[in-house]
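File shown: target-v1.txt (compact mmCIF, C-alpha atoms).
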```
# COMPACT_ATOMS: atom_id res chain seq x y z
CA MET F 1 0.00 0.00 0.00
CA ASN F 2 1.33 3.46 -0.93
CA PRO F 3 1.38 5.53 2.31
CA THR F 4 1.32 8.83 0.36
CA LEU F 5 -2.12 8.13 -1.14
CA GLU F 6 -5.36 9.18 0.51
CA THR F 7 -7.38 6.18 1.73
CA LEU F 8 -11.01 5.48 2.60
CA PHE F 9 -12.09 2.97 5.24
CA LEU F 10 -15.35 1.06 4.62
CA SER F 11 -16.87 -0.76 7.61
CA GLN F 12 -18.49 -4.13 7.02
CA ILE F 13 -22.20 -3.81 6.17
CA SER F 14 -23.87 -7.14 5.33
CA ALA F 15 -27.50 -5.93 5.44
CA PHE F 16 -29.16 -2.54 4.93
CA GLN F 17 -32.50 -0.73 4.94
CA PRO F 18 -34.30 0.19 1.67
CA THR F 19 -32.26 3.06 0.21
CA VAL F 20 -32.80 5.50 -2.68
CA ILE F 21 -29.71 6.23 -4.80
CA PRO F 22 -29.84 9.48 -6.87
CA LEU F 23 -27.68 8.21 -9.72
CA PRO F 24 -25.48 10.58 -11.76
CA SER F 25 -26.22 11.31 -15.42
CA SER F 26 -24.69 9.24 -18.20
CA LYS F 27 -21.19 10.34 -19.16
CA SER F 28 -21.48 8.48 -22.48
CA GLU F 29 -24.71 10.24 -23.50
CA SER F 30 -23.52 13.62 -22.20
CA ASN F 31 -20.24 13.58 -24.13
CA ARG F 32 -21.94 12.63 -27.39
CA ALA F 33 -24.67 15.25 -26.94
CA LEU F 34 -22.02 17.93 -26.29
CA VAL F 35 -20.15 17.16 -29.53
CA ILE F 36 -23.41 17.19 -31.49
CA ASP F 37 -24.35 20.45 -29.77
CA ALA F 38 -20.99 21.99 -30.79
CA LEU F 39 -21.58 20.84 -34.39
CA THR F 40 -24.94 22.66 -34.34
CA GLU F 41 -23.25 25.75 -32.82
CA GLY F 42 -24.91 25.34 -29.44
CA GLU F 43 -28.51 25.83 -30.56
CA ASN F 44 -29.83 22.89 -28.48
CA LYS F 45 -31.23 22.71 -24.98
CA LEU F 46 -29.31 20.01 -23.13
CA SER F 47 -30.40 19.09 -19.62
CA ASN F 48 -29.12 16.77 -16.88
CA LEU F 49 -25.52 16.73 -18.20
CA ALA F 50 -23.13 14.51 -16.24
CA GLU F 51 -21.14 15.77 -13.26
CA ALA F 52 -18.28 13.46 -14.30
CA ARG F 53 -14.87 15.11 -14.70
CA ASP F 54 -14.66 13.81 -18.29
CA THR F 55 -17.88 15.65 -19.20
CA GLN F 56 -17.00 18.80 -17.28
CA THR F 57 -13.64 18.85 -19.10
CA MET F 58 -15.42 18.67 -22.45
CA ILE F 59 -17.83 21.46 -21.48
CA ARG F 60 -14.88 23.66 -20.43
CA LEU F 61 -12.81 23.00 -23.56
CA LEU F 62 -15.71 23.60 -25.95
CA GLY F 63 -16.72 26.72 -24.05
CA GLU F 64 -13.27 28.32 -23.68
CA ASN F 65 -11.81 26.98 -26.96
CA PRO F 66 -8.12 27.25 -25.96
CA ALA F 67 -5.28 26.63 -28.45
CA ILE F 68 -4.32 23.50 -26.49
CA PHE F 69 -7.06 20.98 -25.70
CA ASP F 70 -5.79 19.24 -22.54
CA VAL F 71 -8.34 16.45 -21.95
CA LEU F 72 -6.62 15.24 -18.74
CA ASP F 73 -7.41 11.49 -18.50
CA ALA F 74 -10.65 11.50 -20.55
CA GLY F 75 -10.48 8.96 -23.38
CA THR F 76 -13.84 9.82 -24.95
CA THR F 77 -13.03 13.53 -24.79
CA MET F 78 -9.68 12.95 -26.53
CA ARG F 79 -11.18 10.86 -29.33
CA PHE F 80 -14.37 12.82 -29.89
CA LEU F 81 -12.65 16.22 -29.87
CA THR F 82 -9.84 15.03 -32.17
CA ALA F 83 -12.45 14.28 -34.84
CA PHE F 84 -14.45 17.43 -34.01
CA VAL F 85 -11.42 19.73 -34.28
CA ALA F 86 -10.39 18.18 -37.62
CA ALA F 87 -13.91 18.31 -39.10
CA THR F 88 -14.42 21.95 -38.08
CA ASN F 89 -11.07 22.88 -39.72
CA GLN F 90 -9.37 24.15 -36.55
CA ASN F 91 -5.71 24.28 -35.53
CA LYS F 92 -5.24 22.64 -32.13
CA VAL F 93 -2.86 20.67 -29.97
CA MET F 94 -4.55 17.64 -28.35
CA THR F 95 -2.89 16.35 -25.18
CA GLY F 96 -3.64 14.82 -21.76
CA THR F 97 -2.12 13.11 -18.74
CA PRO F 98 0.94 10.84 -19.14
CA ARG F 99 -1.38 7.80 -19.10
CA MET F 100 -3.64 9.43 -21.72
CA CYS F 101 -0.58 9.85 -23.94
CA GLU F 102 0.05 6.08 -23.64
CA ARG F 103 -3.42 5.22 -24.99
CA PRO F 104 -3.43 4.54 -28.74
CA ILE F 105 -5.19 6.85 -31.20
CA GLY F 106 -3.49 5.85 -34.46
CA ILE F 107 -6.52 4.13 -36.01
CA LEU F 108 -8.63 7.29 -35.62
CA VAL F 109 -5.83 9.55 -36.88
CA ASP F 110 -5.27 7.31 -39.93
CA ALA F 111 -8.99 7.49 -40.78
CA LEU F 112 -9.10 11.28 -40.37
CA ARG F 113 -5.97 11.68 -42.52
CA GLU F 114 -7.59 9.51 -45.19
CA ILE F 115 -10.65 11.78 -45.16
CA GLY F 116 -8.35 14.78 -45.62
CA ALA F 117 -7.30 16.04 -42.18
CA GLU F 118 -3.75 17.20 -41.51
CA ILE F 119 -2.61 15.70 -38.22
CA HIS F 120 0.95 15.26 -36.87
CA TYR F 121 2.22 13.27 -33.90
CA MET F 122 4.23 15.51 -31.57
CA ASN F 123 5.98 12.68 -29.76
CA LYS F 124 5.41 8.95 -30.27
CA GLU F 125 3.86 7.69 -33.52
CA GLY F 126 0.27 6.51 -32.91
CA PHE F 127 -0.20 8.30 -29.58
CA PRO F 128 -1.07 11.78 -28.26
CA PRO F 129 -0.06 14.59 -28.13
CA LEU F 130 -1.31 15.57 -31.60
CA ALA F 131 -1.03 18.72 -33.67
CA ILE F 132 -4.17 19.12 -35.80
CA HIS F 133 -4.19 21.54 -38.74
CA GLY F 134 -7.78 21.19 -39.88
CA LEU F 135 -9.50 19.47 -42.78
CA LYS F 136 -9.50 21.84 -45.74
CA GLU F 137 -10.81 19.46 -48.39
CA GLN F 138 -12.52 16.06 -48.11
CA LYS F 139 -10.58 13.49 -50.14
CA THR F 140 -12.87 10.47 -49.68
CA ASN F 141 -16.16 9.51 -48.08
CA LYS F 142 -15.36 5.79 -47.75
CA ILE F 143 -13.35 4.57 -44.75
CA THR F 144 -12.56 1.01 -43.67
CA ILE F 145 -11.95 0.55 -39.94
CA ARG F 146 -11.60 -2.51 -37.70
CA GLY F 147 -14.75 -3.23 -35.73
CA ASN F 148 -12.91 -4.74 -32.75
CA VAL F 149 -10.98 -1.58 -31.79
CA SER F 150 -12.36 1.08 -29.44
CA SER F 151 -15.92 1.94 -30.47
CA GLN F 152 -15.03 5.53 -29.54
CA TYR F 153 -13.03 5.84 -32.79
CA ILE F 154 -16.10 4.77 -34.76
CA SER F 155 -18.43 7.04 -32.77
CA ALA F 156 -16.06 9.99 -33.26
CA LEU F 157 -16.15 9.50 -37.04
CA LEU F 158 -19.92 9.00 -37.14
CA MET F 159 -20.69 12.22 -35.25
CA ILE F 160 -18.71 14.36 -37.72
CA ALA F 161 -20.08 12.48 -40.76
CA PRO F 162 -23.14 14.72 -41.38
CA VAL F 163 -21.04 17.92 -41.49
CA LEU F 164 -18.51 16.51 -43.99
CA PRO F 165 -19.29 17.81 -47.51
CA MET F 166 -19.50 14.26 -48.92
CA GLY F 167 -20.86 12.55 -45.81
CA LEU F 168 -19.22 9.28 -44.77
CA GLU F 169 -19.55 5.55 -45.31
CA LEU F 170 -17.80 3.33 -42.77
CA GLU F 171 -17.01 -0.31 -43.45
CA LEU F 172 -16.40 -2.18 -40.19
CA THR F 173 -14.15 -5.20 -40.69
CA GLY F 174 -14.02 -8.31 -38.51
CA LYS F 175 -15.84 -8.73 -35.21
CA ILE F 176 -17.67 -5.59 -34.04
CA GLY F 177 -16.97 -4.81 -30.37
CA SER F 178 -18.96 -2.51 -28.06
CA ARG F 179 -21.72 -2.48 -30.67
CA THR F 180 -24.19 -0.95 -28.22
CA TYR F 181 -22.02 2.18 -27.94
CA ILE F 182 -22.08 2.60 -31.73
CA GLU F 183 -25.86 2.13 -31.65
CA MET F 184 -26.10 4.75 -28.88
CA THR F 185 -24.16 7.24 -31.02
CA LEU F 186 -26.41 6.67 -34.04
CA GLU F 187 -29.61 6.86 -31.98
CA LEU F 188 -28.44 10.12 -30.38
CA MET F 189 -27.63 11.50 -33.84
CA ALA F 190 -31.14 10.47 -34.92
CA ALA F 191 -32.57 12.37 -31.93
CA PHE F 192 -30.93 15.46 -33.43
CA GLY F 193 -32.48 14.87 -36.85
CA ILE F 194 -29.82 12.77 -38.61
CA LYS F 195 -30.78 9.92 -40.96
CA TYR F 196 -28.41 6.97 -41.32
CA ALA F 197 -28.31 3.46 -42.76
CA TRP F 198 -26.58 0.49 -41.09
CA GLU F 199 -26.66 -2.64 -43.21
CA GLY F 200 -24.33 -5.52 -42.43
CA ASN F 201 -20.88 -4.05 -41.83
CA PHE F 202 -21.60 -0.74 -43.60
CA ILE F 203 -22.80 2.44 -41.88
CA LYS F 204 -23.71 5.29 -44.23
CA VAL F 205 -24.38 8.89 -43.16
CA SER F 206 -24.99 11.44 -45.92
CA HIS F 207 -24.19 15.17 -45.71
CA GLN F 208 -27.05 16.79 -43.74
CA ALA F 209 -27.69 19.25 -40.94
CA TYR F 210 -28.18 18.45 -37.26
CA GLN F 211 -31.51 19.88 -36.07
CA PRO F 212 -31.72 21.96 -32.86
CA THR F 213 -33.31 19.76 -30.20
CA GLN F 214 -34.17 19.56 -26.50
CA PHE F 215 -32.37 16.57 -25.00
CA ASN F 216 -32.46 15.21 -21.44
CA VAL F 217 -29.59 12.89 -20.49
CA GLU F 218 -30.54 9.61 -18.79
CA SER F 219 -28.93 8.39 -15.55
CA ASP F 220 -25.77 6.34 -15.92
CA TRP F 221 -26.14 2.56 -16.22
CA SER F 222 -22.39 2.04 -15.69
CA GLY F 223 -22.72 3.82 -12.35
CA ALA F 224 -25.86 1.81 -11.57
CA SER F 225 -23.95 -1.47 -11.92
CA TYR F 226 -22.11 -1.02 -8.58
CA TRP F 227 -25.42 -0.84 -6.72
CA PHE F 228 -26.68 -4.01 -8.39
CA SER F 229 -23.43 -5.62 -7.23
CA LEU F 230 -23.79 -4.31 -3.66
CA LEU F 231 -27.26 -5.87 -3.37
CA ALA F 232 -26.13 -9.16 -4.96
CA CYS F 233 -23.31 -9.43 -2.40
CA SER F 234 -25.37 -8.40 0.66
CA ASP F 235 -27.37 -10.70 2.92
CA GLU F 236 -30.41 -8.42 2.94
CA GLY F 237 -31.39 -5.08 1.41
CA GLU F 238 -33.40 -3.14 -1.16
CA LEU F 239 -32.45 -0.27 -3.48
CA PHE F 240 -34.23 2.22 -5.72
CA LEU F 241 -32.02 3.68 -8.48
CA GLU F 242 -33.36 6.99 -9.78
CA GLY F 243 -33.48 8.14 -13.39
CA LEU F 244 -33.11 4.85 -15.31
CA LYS F 245 -35.27 3.85 -18.27
CA GLU F 246 -36.19 0.32 -19.35
CA ASN F 247 -35.52 0.99 -23.05
CA SER F 248 -32.12 2.59 -22.63
CA LEU F 249 -29.63 3.62 -25.32
CA GLN F 250 -26.82 2.55 -22.98
CA GLY F 251 -25.26 -0.88 -23.50
CA ASP F 252 -24.48 -1.21 -19.80
CA SER F 253 -28.22 -1.65 -19.14
CA LYS F 254 -27.27 -5.32 -19.77
CA ILE F 255 -26.46 -5.35 -16.05
CA VAL F 256 -30.18 -6.10 -15.50
CA ASP F 257 -29.86 -9.45 -17.33
CA ILE F 258 -26.53 -10.32 -15.73
CA MET F 259 -27.66 -9.56 -12.18
CA ASP F 260 -30.93 -11.41 -12.72
CA ARG F 261 -28.66 -14.49 -12.85
CA LEU F 262 -26.71 -13.34 -9.76
CA GLY F 263 -29.59 -12.74 -7.35
CA VAL F 264 -31.02 -9.28 -8.12
CA LYS F 265 -34.58 -8.68 -9.32
CA SER F 266 -35.25 -5.44 -11.27
CA GLU F 267 -38.66 -3.76 -11.43
CA PHE F 268 -38.96 -0.61 -13.54
CA GLN F 269 -41.22 1.95 -11.90
CA ASN F 270 -42.00 5.61 -12.46
CA GLY F 271 -38.72 7.47 -11.98
CA GLY F 272 -36.31 4.54 -11.89
CA VAL F 273 -35.79 0.88 -11.05
CA LYS F 274 -36.39 -1.01 -7.79
CA LEU F 275 -33.86 -3.71 -6.89
CA THR F 276 -34.69 -6.58 -4.54
CA LYS F 277 -32.99 -9.85 -3.59
CA GLN F 278 -33.94 -13.11 -5.30
CA PRO F 279 -32.35 -16.59 -5.44
CA VAL F 280 -29.16 -16.89 -7.54
CA LYS F 281 -29.91 -18.68 -10.83
CA GLY F 282 -26.26 -19.00 -11.85
CA LEU F 283 -24.08 -17.44 -14.55
CA ASP F 284 -22.05 -20.03 -16.44
CA SER F 285 -20.46 -17.51 -18.82
CA TRP F 286 -20.76 -13.98 -20.16
CA ASP F 287 -19.42 -12.22 -23.25
CA PHE F 288 -18.42 -8.60 -22.43
CA THR F 289 -17.68 -7.65 -26.05
CA HIS F 290 -20.49 -5.07 -26.07
CA CYS F 291 -20.35 -4.00 -22.40
CA PRO F 292 -16.67 -4.07 -21.34
CA ASP F 293 -17.17 -1.47 -18.58
CA LEU F 294 -19.26 -4.02 -16.64
CA ALA F 295 -16.47 -6.61 -16.49
CA GLN F 296 -14.87 -5.42 -13.25
CA THR F 297 -18.24 -5.14 -11.49
CA VAL F 298 -19.34 -8.64 -12.49
CA ALA F 299 -15.96 -10.23 -11.75
CA VAL F 300 -15.96 -8.86 -8.19
CA THR F 301 -19.60 -9.87 -7.67
CA CYS F 302 -18.97 -13.45 -8.79
CA ALA F 303 -15.83 -13.65 -6.66
CA ILE F 304 -17.75 -12.55 -3.56
CA ILE F 305 -20.93 -14.64 -3.95
CA GLY F 306 -19.11 -17.85 -4.90
CA GLN F 307 -20.04 -17.99 -8.61
CA LYS F 308 -17.45 -19.71 -10.80
CA THR F 309 -17.88 -18.49 -14.38
CA LYS F 310 -16.18 -17.93 -17.73
CA PHE F 311 -15.67 -14.48 -19.28
CA THR F 312 -14.96 -13.57 -22.90
CA GLY F 313 -14.79 -10.25 -24.74
CA LEU F 314 -12.26 -8.69 -22.34
CA GLU F 315 -9.72 -7.71 -25.06
CA SER F 316 -10.28 -3.95 -24.79
CA LEU F 317 -9.69 -3.96 -21.01
CA ARG F 318 -5.92 -3.85 -21.46
CA ILE F 319 -5.97 -0.35 -23.01
CA LYS F 320 -8.35 1.37 -20.60
CA GLU F 321 -7.35 3.71 -17.73
CA THR F 322 -5.07 0.88 -16.65
CA ASP F 323 -4.57 -2.73 -17.76
CA ARG F 324 -7.82 -3.79 -16.11
CA ILE F 325 -7.17 -7.51 -16.50
CA TYR F 326 -3.88 -7.27 -14.60
CA ALA F 327 -5.44 -4.95 -12.01
CA LEU F 328 -8.36 -7.34 -11.43
CA GLN F 329 -6.04 -10.31 -11.07
CA GLN F 330 -3.96 -8.51 -8.44
CA GLU F 331 -6.84 -7.22 -6.33
CA LEU F 332 -9.04 -10.34 -6.54
CA GLY F 333 -6.06 -12.28 -5.24
CA LYS F 334 -6.15 -10.23 -2.03
CA PHE F 335 -9.29 -12.09 -0.95
CA ASN F 336 -8.33 -15.44 -2.48
CA ALA F 337 -10.21 -15.21 -5.78
CA GLN F 338 -8.64 -15.67 -9.23
CA LEU F 339 -9.14 -14.53 -12.81
CA LYS F 340 -7.29 -17.13 -14.87
CA GLU F 341 -6.51 -16.59 -18.54
CA GLY F 342 -6.98 -19.63 -20.77
CA GLU F 343 -6.81 -20.27 -24.51
CA ASN F 344 -8.47 -17.93 -27.03
CA GLU F 345 -8.80 -15.16 -24.43
CA VAL F 346 -11.31 -17.09 -22.33
CA PHE F 347 -10.99 -16.16 -18.64
CA THR F 348 -12.20 -18.26 -15.72
CA LEU F 349 -13.32 -16.51 -12.54
CA ILE F 350 -12.62 -18.71 -9.50
CA PRO F 351 -14.41 -17.26 -6.46
CA SER F 352 -13.06 -16.65 -2.99
CA VAL F 353 -13.28 -19.45 -0.44
CA THR F 354 -11.84 -17.61 2.57
CA MET F 355 -12.22 -13.91 3.33
CA PRO F 356 -9.53 -11.94 5.21
CA ASN F 357 -10.51 -9.63 8.09
CA GLU F 358 -9.48 -6.61 6.04
CA VAL F 359 -8.61 -5.95 2.38
CA HIS F 360 -6.59 -3.03 0.95
CA ILE F 361 -7.64 -2.24 -2.63
CA HIS F 362 -5.18 -0.46 -4.90
CA THR F 363 -7.08 1.50 -7.59
CA TYR F 364 -4.46 1.99 -10.36
CA ASP F 365 -5.69 5.51 -11.28
CA ASP F 366 -8.89 3.77 -12.47
CA HIS F 367 -12.31 4.97 -11.26
CA ARG F 368 -13.92 1.62 -12.03
CA MET F 369 -11.46 -0.30 -9.82
CA ALA F 370 -12.46 1.82 -6.81
CA MET F 371 -16.20 1.45 -7.40
CA ALA F 372 -16.20 -2.22 -8.47
CA PHE F 373 -14.55 -3.32 -5.20
CA MET F 374 -16.88 -1.28 -2.93
CA PRO F 375 -19.34 -4.25 -2.54
CA LEU F 376 -16.56 -6.19 -0.81
CA MET F 377 -17.67 -4.26 2.29
CA THR F 378 -20.57 -6.73 2.58
CA LYS F 379 -18.07 -9.41 3.67
CA THR F 380 -15.12 -7.65 5.32
CA LYS F 381 -13.55 -4.30 6.17
CA VAL F 382 -12.19 -2.56 3.07
CA ILE F 383 -9.56 0.14 2.64
CA ILE F 384 -9.75 1.90 -0.76
CA GLU F 385 -6.61 3.68 -1.92
CA ASP F 386 -7.02 6.99 -3.76
CA PRO F 387 -10.84 7.10 -3.42
CA SER F 388 -11.08 10.47 -5.27
CA VAL F 389 -10.28 8.61 -8.51
CA VAL F 390 -14.09 8.18 -8.84
CA ASN F 391 -14.34 11.88 -9.82
CA LYS F 392 -13.63 10.84 -13.40
CA SER F 393 -17.15 9.44 -13.82
CA TYR F 394 -19.10 9.54 -10.52
CA PRO F 395 -17.92 12.30 -8.13
CA SER F 396 -20.78 11.74 -5.64
CA PHE F 397 -20.15 7.97 -5.39
CA TRP F 398 -18.79 7.86 -1.82
CA LYS F 399 -21.49 10.30 -0.67
CA HIS F 400 -24.06 7.86 -2.09
CA VAL F 401 -22.32 4.92 -0.37
CA SER F 402 -22.78 6.80 2.92
CA LEU F 403 -26.58 6.77 2.31
CA ILE F 404 -26.62 2.99 2.89
CA ASP F 405 -28.38 2.56 6.23
CA ILE F 406 -27.23 -0.46 8.18
CA ARG F 407 -29.90 -2.96 9.21
CA HIS F 408 -29.11 -4.25 12.71
```
Represent the supplied structure as structure tokens.
Amino acid sequence: MNPTLETLFLSQISAFQPTVIPLPSSKSESNRALVIDALTEGENKLSNLAEARDTQTMIRLLGENPAIFDVLDAGTTMRFLTAFVAATNQNKVMTGTPRMCERPIGILVDALREIGAEIHYMNKEGFPPLAIHGLKEQKTNKITIRGNVSSQYISALLMIAPVLPMGLELELTGKIGSRTYIEMTLELMAAFGIKYAWEGNFIKVSHQAYQPTQFNVESDWSGASYWFSLLACSDEGELFLEGLKENSLQGDSKIVDIMDRLGVKSEFQNGGVKLTKQPVKGLDSWDFTHCPDLAQTVAVTCAIIGQKTKFTGLESLRIKETDRIYALQQELGKFNAQLKEGENEVFTLIPSVTMPNEVHIHTYDDHRMAMAFMPLMTKTKVIIEDPSVVNKSYPSFWKHVSLIDIRH
């Protein structure tokens, strides 16, 4: 444990009273809506934007429009604004934290260059920081891009497609990962008046104008997942998560189906979803290809409740805020659980059999590591290193954890 880092102590709480959680707004929806708003020159009425640092950073950069766009550690902000700056023919430097400058962006830059953008790497080839010198003339409207890379590259290209003089046709090759995030982008574009066609591996968006719109951002399903996990791991409890819709654009709403197998019943009501305990049905395997941000939450849940299972679709986890596979393996090991890698990138989660009296969780500069391991407090005392890392996506998370009322 690093003694210089701030720490948070969580007492053991195995059962709790019915509690209402006022979930934060979706970072994914907010960031897309902000780019679309900027492409329509701010004529929209956006409400319920996320409090997440990533979203607040995007709001600040778009509002102040400095010569250097420092996105800090925000991956979506880096990718979306790189495409936005190029498409709107601006001269900018794109940079971020040291870790952000280790996260690849070459596939997006190659696609933008092919379209006609002038972009130079200022340090290492394929990685930020970037110098962008606009897009003076569109050279092509047909781009081929791998479907199994970050969906944020694809979403970044799709959002600028309507404002390109020739529009854009994307051909996605191979397996398409995080498909639900691409669908979210297209559905949000449609909410702002854009027509598109997605047939097979081809997505076509013609040149057209975004229409000024009123848009209310939904609560965040990624943030909701930690509360599903808390209830699954507890002995007794009930939760009401505010602001969630049954027919959500967010891929992480899949947590409802996953947790139905792991002991949580979901009932959609006016204003949100009620979570209650039910018997565990069992989860033999799950493919996280389209919802990779749920992997840490589900791995920790299975480890705690004694559910051995197989995971696939974890490939993108190695290039997130940290190498999330390595981080999971290290921290699960602290309470005698394992995430074993087998052939063809199939991972086996072997649950804990003995629980220590106290567990120190290192968070690796990764907001999801801090939040995913919070439900461990249902079984033992937990010390979370660097708890403020949650500010990236869910600044009020620990305040909401403090709402949990112990049932004696």
Need to verify the contact set: Glu114 (chain F), 12 Å, all atoms listed in the file, exclusion of same-chain residues closer than 5 positions in sequence. Can you return it as a list in words?
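Final neighbour list, sorted by chain and number: Ala86, Ile107, Leu108, Val109, Ile119, Leu135, Glu137, Gln138, Lys139, Thr140, Asn141, Lys142, Ile143, Thr144, Ile145, Leu157 and Leu168 of chain F.
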Determine the nearest neighbour of Thr40 (chain F) from the options F:Thr88, F:Thr378, F:Ser248, F:Ser316, counting only C-alpha atoms.
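Nearest to Thr40 (chain F): F:Thr88.
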Hey, what's within 12 Å of Thr363 (chain F) if we count all atoms listed in the file and toss same-chain stuff fewer than 3 positions away? As a ChimeraX atom specification, please?
/F:1-2,5-8,296,321-324,326-328,330-331,360,366-374,383-390
In file coordinates, which residues lie within 9 Å of (-27.7, -3.8, -7.5) using only C-alpha atoms, given as a list in words?
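Answer for this query, in the requested form: Ala224, Ser225, Tyr226, Trp227, Phe228, Ser229, Leu230, Leu231, Ala232, Cys233, Glu238, Leu239, Leu241, Ile255, Val256, Met259, Val264, Lys265, Ser266, Leu275, Thr276 and Lys277 of chain F.
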Which residue of F:Gly147, F:Pro104, F:Pro212, F:Gly272 approaches Ala191 (chain F) most closely, using only C-alpha atoms
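For Ala191 (chain F), the nearest of the given residues is F:Pro212.
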For Lys92 (chain F), find every residue with an atom within 10 Å (counting only C-alpha atoms), except residues of its own chain fewer than 2 positions away, and show them as a PyMOL selection string.
chain F and resi 65-69+82+85-86+89-90+94-95+119+130-134
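Closest to Asn357 (chain F) among F:Leu244, F:Ala33, F:Leu339, F:Leu376 is F:Leu376, based on all atoms listed in the file.
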Between CA of Pro395 (chain F) and CA of Ile361 (chain F), what is the distance, to one decimal in Å?
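Separation of CA of Pro395 (chain F) and CA of Ile361 (chain F): 18.6 Å.
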Restricting the calculation to all atoms listed in the file: of F:Lys204, F:Phe9, F:Ile105, F:Leu164, which residue gets closest to Ala117 (chain F)?
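Closest to Ala117 (chain F) of all the choices is F:Leu164.
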Atom-to-atom span, CA of Ile36 (chain F) and CA of Met189 (chain F), Å
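It comes out at 7.5 Å.
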For Asn48 (chain F), list every protein, DNA or RNA residue within 8 Å, evaluated using all atoms listed in the file, and leave out those in the same chain fewer than 2 positions away; present the list as a compact mmCIF listing (two decimals) with C-alpha atoms, in the frame of the given file.
```
# COMPACT_ATOMS: atom_id res chain seq x y z
CA SER F 25 -26.22 11.31 -15.42
CA LEU F 46 -29.31 20.01 -23.13
CA ALA F 50 -23.13 14.51 -16.24
CA ASN F 216 -32.46 15.21 -21.44
CA VAL F 217 -29.59 12.89 -20.49
CA GLU F 218 -30.54 9.61 -18.79
```
Pick from F:Met122, F:Phe215, F:Pro356, F:Glu102: nearest to Lys45 (chain F), with all atoms listed in the file counted?
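The shortest atom-to-atom distance to Lys45 (chain F) comes from F:Phe215.
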Can you measure CA of Gln307 (chain F) to CA of Ser26 (chain F) for me? One decimal in Å is fine.
29.2 Å
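Among the candidates F:Ser155, F:Gln12, F:Ser150, F:Gln250, the residue lying nearest to Thr380 (chain F) is F:Gln12 (atoms considered: all atoms listed in the file).
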Could you give me the axis-aligned bounding box of region 68-74 of chain F, with 5 Å of padding per side, as centre plus edge lengths in Å to one decimal, as AutoDock Vina command-line options?
```
--center_x -7.5 --center_y 17.5 --center_z -22.5 --size_x 16.3 --size_y 22.0 --size_z 18.0
```
Write out as a PyMOL selection string the residues lying within 7 Å of Gly313 (chain F), counting only C-alpha atoms and excluding same-chain residues fewer than 3 positions away.
chain F and resi 287-289
